[in-house]
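Below: one structure, written as structure tokens.
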Amino acid sequence: MRAIVLDADGQPVLSDMPEPDGSGALARVLACGLCGSDVEKLDAAHAGSVLGHEVVAQLDDGRRVALVHHVPCGECARCLAGHESTCERFSASTIRPGGFAERVHADAWLDIPETWPDWRGTMVEPLACVLRGAGRVPRGRVLVVGNGFVGRLFGLVLERRGDEVFAVDADPRRNGRAPDGPVDAVVLSGGGGVMAALEAVAPGGTLLVFADAGEIPATEVYRHELTVAGARSATPAFMREAVALLHDLDVPEPTVLPLARFGEGLELFRRRDALKVVFTP
Ligand SMILES: [Zn+2]
Ligand SMILES: [Zn+2]
């Protein structure tokens with residue numbers, strides 16, 4: 001089958017590789033979204049791997065499903081404390097070899113509505129990550145720093161629950177409504193942005209770190225009595241919630257390209273000319 005395999009330098013190359021086998025169900029990939037976390041993995045350390053975890057696939061029985069990327073054990077102390085993404089079981093991928101391939105072996109999935117285009121189903125995973133993160137953001141006035149695709153999802157989710165949402169981005173093309181005064185919470189959804197967050201957050205406010213944002217000065221956290229919370233990835237429960245919510249959420253439509261044009265889609269994403277890119281085998 002064809003897949004995008006990372007070469008020795010971690011660069012994506014359309015390659016032929018053996019069909020996946022082993023445990024799980026064989027599924028035909030219909031679409032897979034490119035995530036910022038995939039782009040971070042394009043390095044020599046990931047040579048030989050196939051990325052892609054925002055997958056819509058068809059099972060043998062014809063059902064179209066969104067694949068569940070990670071499954072926590074649900075019983076350990078980490079899981080019970082609500083930090084499922086740090087569960088030891090969590091890191092094992094349940095999609096093999098990865099979504100940027102014609103076929104995968106999968107362990108877990110959720111049915112998606114028949115009326116959805118394939119690309120909408122690829123948004124179940126990122127939306128689930130955002131829903132889980134949003135649960136750690138206090139209600140009120142919230143600034144989203146980094147207004148790419150994930151930042152927009154945060155905006156939609158927070159507005160829906162009644163927050164007043166502002167959004168800024170280092171790229172002026174992506175700026176949203178700038179905050180008109182101190183905010184109760186800041187979501188760091190893109191790389192960097194710590195300084196913008198510290199300038200905007202009111203004393204006693206919350207920073208949700210949803211991306212590798214770099215260093216946060218402890219002095220500021222101390223002086224202003226800030227709360228810093230982290231959130232990474234999703235759980236099956238939030239994926240179920242995402243399927244229900246995506247039904248009538250006005251998400252931005254992605255750029256859809258065939259897998260053979262992966263390099264082109266990657267460049268669109270890197271140049272920030274596309275908010276979201278989805279590939280179809
Ligand atoms: Zn993702
Ligand atoms: Zn666990």
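Going through the structure tokens in order, the chains are called A, B, and so on, while each chain numbers its residues from 1 and the ligands are numbered from 1 in the order shown.
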Can you work out which residues are within 7 Å of ligand 1, considering only C-alpha atoms and all ligand atoms, and then hand them over as a PyMOL selection string? chain A and resi 35-37+53-54+125-126
Would you mind listing the residues within 7 Å of ligand 2, counting only C-alpha atoms and all ligand atoms, as a PyMOL selection string? chain A and resi 72-79+84+87-89
Let's have the selection written as a PDB file, in the first residue's frame, with N, CA and C atoms.
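Result file follows (part-v5.pdb):
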ATOM      1  N   PRO A  72      -6.678   5.376  27.284  1.00  0.00           N
ATOM      2  CA  PRO A  72      -6.097   5.245  28.623  1.00  0.00           C
ATOM      3  C   PRO A  72      -6.693   4.027  29.335  1.00  0.00           C
ATOM      4  N   CYS A  73      -6.022   3.571  30.406  1.00  0.00           N
ATOM      5  CA  CYS A  73      -6.509   2.358  31.083  1.00  0.00           C
ATOM      6  C   CYS A  73      -7.799   2.639  31.844  1.00  0.00           C
ATOM      7  N   GLY A  74      -7.969   3.876  32.313  1.00  0.00           N
ATOM      8  CA  GLY A  74      -9.189   4.234  33.021  1.00  0.00           C
ATOM      9  C   GLY A  74      -9.202   3.843  34.490  1.00  0.00           C
ATOM     10  N   GLU A  75      -8.133   3.184  34.960  1.00  0.00           N
ATOM     11  CA  GLU A  75      -8.152   2.668  36.331  1.00  0.00           C
ATOM     12  C   GLU A  75      -6.991   3.132  37.194  1.00  0.00           C
ATOM     13  N   CYS A  76      -5.910   3.592  36.564  1.00  0.00           N
ATOM     14  CA  CYS A  76      -4.725   3.951  37.358  1.00  0.00           C
ATOM     15  C   CYS A  76      -4.949   5.308  38.047  1.00  0.00           C
ATOM     16  N   ALA A  77      -4.020   5.659  38.935  1.00  0.00           N
ATOM     17  CA  ALA A  77      -4.160   6.916  39.683  1.00  0.00           C
ATOM     18  C   ALA A  77      -4.187   8.114  38.738  1.00  0.00           C
ATOM     19  N   ARG A  78      -3.369   8.065  37.659  1.00  0.00           N
ATOM     20  CA  ARG A  78      -3.329   9.177  36.703  1.00  0.00           C
ATOM     21  C   ARG A  78      -4.691   9.340  36.027  1.00  0.00           C
ATOM     22  N   CYS A  79      -5.253   8.227  35.593  1.00  0.00           N
ATOM     23  CA  CYS A  79      -6.558   8.265  34.920  1.00  0.00           C
ATOM     24  C   CYS A  79      -7.639   8.786  35.866  1.00  0.00           C
ATOM     25  N   GLU A  84      -5.515  11.524  32.063  1.00  0.00           N
ATOM     26  CA  GLU A  84      -5.428  10.292  31.292  1.00  0.00           C
ATOM     27  C   GLU A  84      -4.296  10.284  30.276  1.00  0.00           C
ATOM     28  N   CYS A  87      -1.273   8.577  31.440  1.00  0.00           N
ATOM     29  CA  CYS A  87      -1.408   7.148  31.796  1.00  0.00           C
ATOM     30  C   CYS A  87      -0.361   6.349  31.015  1.00  0.00           C
ATOM     31  N   GLU A  88       0.203   5.326  31.644  1.00  0.00           N
ATOM     32  CA  GLU A  88       1.226   4.527  30.962  1.00  0.00           C
ATOM     33  C   GLU A  88       0.687   3.848  29.712  1.00  0.00           C
ATOM     34  N   ARG A  89      -0.581   3.491  29.743  1.00  0.00           N
ATOM     35  CA  ARG A  89      -1.193   2.804  28.617  1.00  0.00           C
ATOM     36  C   ARG A  89      -1.429   3.768  27.443  1.00  0.00           C
TER      37      ARG A  89
END
For the structure I just gave you, how does DSSP split range 31-188 of chain A - specifically, which residues are strand (DSSP E or B)? Reply as a ChimeraX atom specification. /A:31-33,54-58,64-67,95-96,101,103-106,109-111,141-145,164-168,183-188
Take the residues from that selection and put them in a file with N, CA, C and O atoms, as a compact mmCIF listing (two decimals), in the first residue's frame.
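To be explicit, this is the file written out as selection_22.txt:
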# COMPACT_ATOMS: atom_id res chain seq x y z
N ALA A 31 -9.76 9.72 5.06
CA ALA A 31 -9.19 11.07 5.20
C ALA A 31 -8.42 11.14 6.51
O ALA A 31 -8.77 10.45 7.48
N CYS A 32 -7.39 11.98 6.52
CA CYS A 32 -6.60 12.15 7.74
C CYS A 32 -6.12 13.59 7.81
O CYS A 32 -5.53 14.10 6.85
N GLY A 33 -6.37 14.25 8.91
CA GLY A 33 -5.98 15.65 9.09
C GLY A 33 -4.52 15.78 9.50
O GLY A 33 -3.98 14.93 10.21
N GLU A 54 -5.66 11.94 13.02
CA GLU A 54 -7.02 12.50 12.91
C GLU A 54 -7.69 11.79 11.73
O GLU A 54 -7.79 12.32 10.63
N VAL A 55 -8.12 10.57 11.99
CA VAL A 55 -8.44 9.65 10.89
C VAL A 55 -9.92 9.30 10.80
O VAL A 55 -10.56 8.97 11.79
N VAL A 56 -10.43 9.38 9.57
CA VAL A 56 -11.74 8.80 9.27
C VAL A 56 -11.49 7.61 8.35
O VAL A 56 -10.73 7.71 7.39
N ALA A 57 -12.09 6.48 8.68
CA ALA A 57 -11.82 5.26 7.93
C ALA A 57 -13.10 4.46 7.76
O ALA A 57 -14.10 4.69 8.44
N GLN A 58 -13.02 3.50 6.81
CA GLN A 58 -14.16 2.61 6.59
C GLN A 58 -13.77 1.22 7.06
O GLN A 58 -12.73 0.69 6.68
N ARG A 64 -18.55 3.90 8.44
CA ARG A 64 -17.55 4.98 8.39
C ARG A 64 -17.36 5.49 9.82
O ARG A 64 -18.33 5.85 10.49
N VAL A 65 -16.11 5.51 10.27
CA VAL A 65 -15.85 5.81 11.68
C VAL A 65 -14.70 6.79 11.83
O VAL A 65 -13.86 6.93 10.95
N ALA A 66 -14.69 7.48 12.97
CA ALA A 66 -13.53 8.27 13.38
C ALA A 66 -12.71 7.38 14.31
O ALA A 66 -13.25 6.81 15.27
N LEU A 67 -11.43 7.22 13.99
CA LEU A 67 -10.60 6.34 14.82
C LEU A 67 -10.21 7.04 16.12
O LEU A 67 -10.00 8.25 16.14
N ILE A 95 -3.58 3.27 16.28
CA ILE A 95 -3.71 3.36 14.82
C ILE A 95 -2.34 3.00 14.23
O ILE A 95 -1.37 3.72 14.42
N ARG A 96 -2.27 1.86 13.52
CA ARG A 96 -0.97 1.39 13.03
C ARG A 96 -1.02 1.17 11.52
O ARG A 96 -1.98 0.57 11.06
N ALA A 101 -1.81 6.88 5.32
CA ALA A 101 -1.61 5.61 4.63
C ALA A 101 -2.95 5.19 4.04
O ALA A 101 -3.99 5.73 4.40
N ARG A 103 -4.27 2.12 4.28
CA ARG A 103 -4.97 1.25 5.22
C ARG A 103 -4.26 1.26 6.57
O ARG A 103 -3.05 1.48 6.64
N VAL A 104 -5.00 1.03 7.62
CA VAL A 104 -4.43 0.98 8.97
C VAL A 104 -5.06 -0.18 9.75
O VAL A 104 -6.12 -0.68 9.39
N HIS A 105 -4.37 -0.57 10.80
CA HIS A 105 -4.98 -1.44 11.79
C HIS A 105 -5.39 -0.55 12.95
O HIS A 105 -4.61 0.27 13.41
N ALA A 106 -6.62 -0.72 13.40
CA ALA A 106 -7.14 0.16 14.44
C ALA A 106 -7.77 -0.66 15.56
O ALA A 106 -8.30 -1.75 15.33
N TRP A 109 -12.79 2.99 17.76
CA TRP A 109 -13.40 3.94 16.83
C TRP A 109 -14.78 4.35 17.31
O TRP A 109 -15.34 3.76 18.23
N LEU A 110 -15.30 5.40 16.65
CA LEU A 110 -16.65 5.89 16.94
C LEU A 110 -17.38 6.07 15.62
O LEU A 110 -16.79 6.58 14.65
N ASP A 111 -18.64 5.72 15.58
CA ASP A 111 -19.43 5.96 14.38
C ASP A 111 -19.62 7.45 14.17
O ASP A 111 -19.76 8.20 15.14
N ARG A 141 -13.93 36.00 30.75
CA ARG A 141 -13.26 36.61 29.60
C ARG A 141 -11.99 35.80 29.31
O ARG A 141 -11.13 35.69 30.18
N VAL A 142 -11.93 35.26 28.10
CA VAL A 142 -10.81 34.36 27.78
C VAL A 142 -10.10 34.84 26.51
O VAL A 142 -10.74 35.16 25.51
N LEU A 143 -8.77 34.90 26.60
CA LEU A 143 -7.96 35.23 25.43
C LEU A 143 -7.33 33.95 24.87
O LEU A 143 -6.73 33.18 25.62
N VAL A 144 -7.49 33.74 23.57
CA VAL A 144 -6.83 32.62 22.90
C VAL A 144 -5.61 33.18 22.19
O VAL A 144 -5.73 34.07 21.34
N VAL A 145 -4.43 32.70 22.55
CA VAL A 145 -3.20 33.14 21.91
C VAL A 145 -2.76 32.05 20.93
O VAL A 145 -2.49 30.92 21.34
N GLU A 164 -16.70 35.34 26.98
CA GLU A 164 -16.35 36.42 26.05
C GLU A 164 -14.95 36.09 25.55
O GLU A 164 -14.00 36.02 26.35
N VAL A 165 -14.81 35.86 24.26
CA VAL A 165 -13.55 35.33 23.73
C VAL A 165 -12.82 36.37 22.89
O VAL A 165 -13.42 37.04 22.05
N PHE A 166 -11.52 36.48 23.13
CA PHE A 166 -10.62 37.31 22.32
C PHE A 166 -9.57 36.39 21.72
O PHE A 166 -9.34 35.30 22.24
N ALA A 167 -8.95 36.84 20.62
CA ALA A 167 -7.94 35.98 20.00
C ALA A 167 -6.87 36.82 19.34
O ALA A 167 -7.18 37.78 18.62
N VAL A 168 -5.62 36.48 19.60
CA VAL A 168 -4.50 37.16 18.94
C VAL A 168 -3.57 36.09 18.36
O VAL A 168 -3.62 34.92 18.75
N VAL A 183 -8.07 39.78 31.15
CA VAL A 183 -8.93 38.60 30.96
C VAL A 183 -8.75 37.64 32.14
O VAL A 183 -7.74 37.69 32.85
N ASP A 184 -9.75 36.78 32.32
CA ASP A 184 -9.71 35.82 33.42
C ASP A 184 -8.80 34.64 33.12
O ASP A 184 -8.28 33.99 34.03
N ALA A 185 -8.67 34.34 31.83
CA ALA A 185 -7.88 33.17 31.45
C ALA A 185 -7.30 33.36 30.06
O ALA A 185 -7.86 34.10 29.24
N VAL A 186 -6.18 32.68 29.83
CA VAL A 186 -5.55 32.70 28.51
C VAL A 186 -5.30 31.25 28.09
O VAL A 186 -4.83 30.44 28.90
N VAL A 187 -5.62 30.94 26.85
CA VAL A 187 -5.30 29.63 26.29
C VAL A 187 -4.11 29.81 25.37
O VAL A 187 -4.17 30.60 24.42
N LEU A 188 -3.00 29.13 25.68
CA LEU A 188 -1.82 29.18 24.81
C LEU A 188 -1.94 28.03 23.82
O LEU A 188 -1.63 26.88 24.14
Can you pull out the residues contacting Ala134 in chain A? Cut-off 12 Å, using only C-alpha atoms, and skip same-chain residues under 2 positions away; I want them as a ChimeraX atom specification. /A:127-132,136-139,142,144,150-151,153-161,163,185-189,206-210,229-234,238
Could you write out that same residue set with N, CA and C atoms as a short mmCIF file (atom, residue, chain, number, x, y, z; two decimals), in the first residue's frame?
data_model
loop_
_atom_site.label_atom_id
_atom_site.label_comp_id
_atom_site.auth_asym_id
_atom_site.auth_seq_id
_atom_site.Cartn_x
_atom_site.Cartn_y
_atom_site.Cartn_z
N LEU A 127 -11.15 18.41 18.01
CA LEU A 127 -12.19 19.02 18.83
C LEU A 127 -12.24 18.37 20.22
N ALA A 128 -12.02 17.06 20.26
CA ALA A 128 -12.02 16.38 21.56
C ALA A 128 -10.89 16.89 22.45
N CYS A 129 -9.73 17.14 21.85
CA CYS A 129 -8.60 17.71 22.62
C CYS A 129 -8.99 19.07 23.19
N VAL A 130 -9.67 19.86 22.35
CA VAL A 130 -10.07 21.21 22.77
C VAL A 130 -11.13 21.14 23.87
N LEU A 131 -12.08 20.25 23.73
CA LEU A 131 -13.13 20.12 24.76
C LEU A 131 -12.51 19.73 26.11
N ARG A 132 -11.55 18.84 26.06
CA ARG A 132 -10.89 18.42 27.30
C ARG A 132 -10.13 19.59 27.90
N ARG A 136 -10.60 22.96 31.66
CA ARG A 136 -9.64 23.50 32.64
C ARG A 136 -9.56 25.02 32.58
N VAL A 137 -10.42 25.62 31.78
CA VAL A 137 -10.42 27.08 31.63
C VAL A 137 -11.61 27.63 32.41
N PRO A 138 -11.38 28.54 33.39
CA PRO A 138 -12.52 29.12 34.10
C PRO A 138 -13.38 29.96 33.17
N ARG A 139 -14.65 30.05 33.46
CA ARG A 139 -15.56 30.84 32.61
C ARG A 139 -15.31 32.32 32.78
N VAL A 142 -11.93 35.26 28.10
CA VAL A 142 -10.81 34.36 27.78
C VAL A 142 -10.10 34.84 26.51
N VAL A 144 -7.49 33.74 23.57
CA VAL A 144 -6.83 32.62 22.90
C VAL A 144 -5.61 33.18 22.19
N VAL A 150 -6.71 25.17 15.80
CA VAL A 150 -7.04 24.79 17.18
C VAL A 150 -7.54 26.01 17.96
N GLY A 151 -6.91 27.16 17.72
CA GLY A 151 -7.37 28.38 18.38
C GLY A 151 -8.82 28.70 18.02
N LEU A 153 -11.08 26.52 17.11
CA LEU A 153 -11.95 25.55 17.80
C LEU A 153 -12.18 25.98 19.24
N PHE A 154 -11.12 26.43 19.91
CA PHE A 154 -11.29 26.94 21.28
C PHE A 154 -12.30 28.08 21.29
N GLY A 155 -12.15 29.01 20.33
CA GLY A 155 -13.08 30.14 20.27
C GLY A 155 -14.52 29.67 20.17
N LEU A 156 -14.77 28.71 19.27
CA LEU A 156 -16.13 28.20 19.08
C LEU A 156 -16.68 27.54 20.35
N VAL A 157 -15.83 26.73 20.97
CA VAL A 157 -16.27 25.98 22.17
C VAL A 157 -16.52 26.93 23.34
N LEU A 158 -15.62 27.90 23.52
CA LEU A 158 -15.76 28.81 24.67
C LEU A 158 -16.93 29.77 24.48
N GLU A 159 -17.11 30.24 23.24
CA GLU A 159 -18.26 31.13 22.99
C GLU A 159 -19.57 30.40 23.22
N ARG A 160 -19.59 29.17 22.80
CA ARG A 160 -20.80 28.37 22.94
C ARG A 160 -21.20 28.21 24.40
N ARG A 161 -20.23 28.15 25.30
CA ARG A 161 -20.58 27.99 26.71
C ARG A 161 -20.76 29.36 27.39
N ASP A 163 -18.62 32.25 27.20
CA ASP A 163 -17.47 33.11 27.52
C ASP A 163 -17.38 34.27 26.54
N ALA A 185 -8.67 34.34 31.83
CA ALA A 185 -7.88 33.17 31.45
C ALA A 185 -7.30 33.36 30.06
N VAL A 186 -6.18 32.68 29.83
CA VAL A 186 -5.55 32.70 28.51
C VAL A 186 -5.30 31.25 28.09
N VAL A 187 -5.62 30.94 26.85
CA VAL A 187 -5.30 29.63 26.29
C VAL A 187 -4.11 29.81 25.37
N LEU A 188 -3.00 29.13 25.68
CA LEU A 188 -1.82 29.18 24.81
C LEU A 188 -1.94 28.03 23.82
N SER A 189 -2.44 28.33 22.61
CA SER A 189 -2.72 27.24 21.67
C SER A 189 -1.73 27.16 20.53
N THR A 206 -5.87 32.37 35.03
CA THR A 206 -5.42 31.03 34.66
C THR A 206 -4.76 31.03 33.29
N LEU A 207 -3.66 30.28 33.17
CA LEU A 207 -3.06 30.03 31.86
C LEU A 207 -3.28 28.56 31.54
N LEU A 208 -3.93 28.28 30.41
CA LEU A 208 -4.02 26.89 29.96
C LEU A 208 -2.95 26.70 28.90
N VAL A 209 -2.01 25.81 29.18
CA VAL A 209 -0.92 25.55 28.23
C VAL A 209 -1.33 24.35 27.39
N PHE A 210 -1.64 24.63 26.11
CA PHE A 210 -2.18 23.61 25.22
C PHE A 210 -1.20 23.27 24.10
N ALA A 229 -2.26 25.56 34.07
CA ALA A 229 -2.77 24.20 33.86
C ALA A 229 -2.33 23.73 32.48
N GLY A 230 -2.10 22.45 32.35
CA GLY A 230 -1.75 21.88 31.04
C GLY A 230 -2.84 20.96 30.56
N ALA A 231 -2.98 20.83 29.25
CA ALA A 231 -3.89 19.83 28.67
C ALA A 231 -3.31 19.36 27.35
N ARG A 232 -3.26 18.06 27.17
CA ARG A 232 -2.71 17.51 25.95
C ARG A 232 -3.52 16.28 25.55
N SER A 233 -3.91 16.27 24.31
CA SER A 233 -4.58 15.12 23.70
C SER A 233 -6.03 14.94 24.22
N ALA A 234 -6.63 13.84 23.81
CA ALA A 234 -8.05 13.61 24.09
C ALA A 234 -8.25 12.23 24.69
N PHE A 238 -14.17 12.23 25.58
CA PHE A 238 -14.26 13.54 24.93
C PHE A 238 -14.45 13.39 23.42
#
Here is a test: counting only C-alpha atoms, which residue of A:Phe269, A:Arg63, A:Glu241, A:Thr235 is nearest to Ser91 in chain A?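 Checking each of A:Phe269, A:Arg63, A:Glu241, A:Thr235 against Ser91 in chain A, counting only C-alpha atoms, the winner is A:Thr235.
Among the candidates A:Thr86, A:Gln11, A:Asn147, A:Thr115, the residue lying nearest to Gly176 in chain A is A:Asn147 (atoms considered: only C-alpha atoms).
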Go through range 15-123 of chain A and collect every residue that DSSP, computed from the backbone, puts in helix (DSSP H, G or I); the answer should be as a list in words.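 Selection result, helix (DSSP H, G or I) within range 15-123 of chain A: Gly36, Ser37, Asp38, Val39, Glu40, Ala44, Ala45, His46, Ala77, Arg78, Cys79, Leu80, Glu84, Ser85, Thr86, Asp118, Trp119, Arg120 and Gly121 of chain A.
Using only C-alpha atoms, the smallest distance between any of A:Pro254, A:Gly62, A:Gly10, A:Pro182 and Ala47 in chain A comes from A:Gly10.
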Could you list, as a ChimeraX atom specification, every residue within 8 Å of Arg120 in chain A, counting only C-alpha atoms and ignoring same-chain residues fewer than 4 positions away? /A:116,124,246
Emit the selected residues as a short mmCIF file (atom, residue, chain, number, x, y, z; two decimals), in the first residue's frame, including all heavy atoms.
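The result, written out as selection_29.cif:
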data_model
loop_
_atom_site.label_atom_id
_atom_site.label_comp_id
_atom_site.auth_asym_id
_atom_site.auth_seq_id
_atom_site.Cartn_x
_atom_site.Cartn_y
_atom_site.Cartn_z
N TRP A 116 -22.07 13.59 7.09
CA TRP A 116 -20.83 14.38 7.14
C TRP A 116 -19.92 14.07 5.96
O TRP A 116 -19.74 12.90 5.61
CB TRP A 116 -20.02 14.05 8.40
CG TRP A 116 -20.59 14.52 9.69
CD1 TRP A 116 -21.80 15.11 9.90
CD2 TRP A 116 -19.96 14.43 10.97
NE1 TRP A 116 -21.96 15.38 11.22
CE2 TRP A 116 -20.84 14.99 11.90
CE3 TRP A 116 -18.74 13.94 11.41
CZ2 TRP A 116 -20.54 15.06 13.26
CZ3 TRP A 116 -18.43 14.00 12.75
CH2 TRP A 116 -19.33 14.57 13.66
N VAL A 124 -13.01 15.31 14.67
CA VAL A 124 -13.45 14.77 15.97
C VAL A 124 -12.29 14.78 16.96
O VAL A 124 -12.44 15.22 18.11
CB VAL A 124 -14.01 13.33 15.79
CG1 VAL A 124 -14.21 12.66 17.15
CG2 VAL A 124 -15.31 13.36 15.00
N LEU A 246 -19.91 18.33 17.06
CA LEU A 246 -19.50 18.71 15.71
C LEU A 246 -20.68 18.83 14.76
O LEU A 246 -20.61 19.49 13.73
CB LEU A 246 -18.54 17.66 15.15
CG LEU A 246 -17.09 18.05 14.94
CD1 LEU A 246 -16.33 16.88 14.36
CD2 LEU A 246 -16.93 19.26 14.05
#
Calculate how many Å separate CA of Asp248 in chain A from CA of Pro281 in chain A, rounding to one decimal.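 Atom-to-atom, CA of Asp248 in chain A to CA of Pro281 in chain A, that is 26.9 Å.
Proximity of A:His247, A:Arg272, A:His224, A:Arg240 to Pro172 in chain A, computed with only C-alpha atoms, is greatest for A:Arg272.
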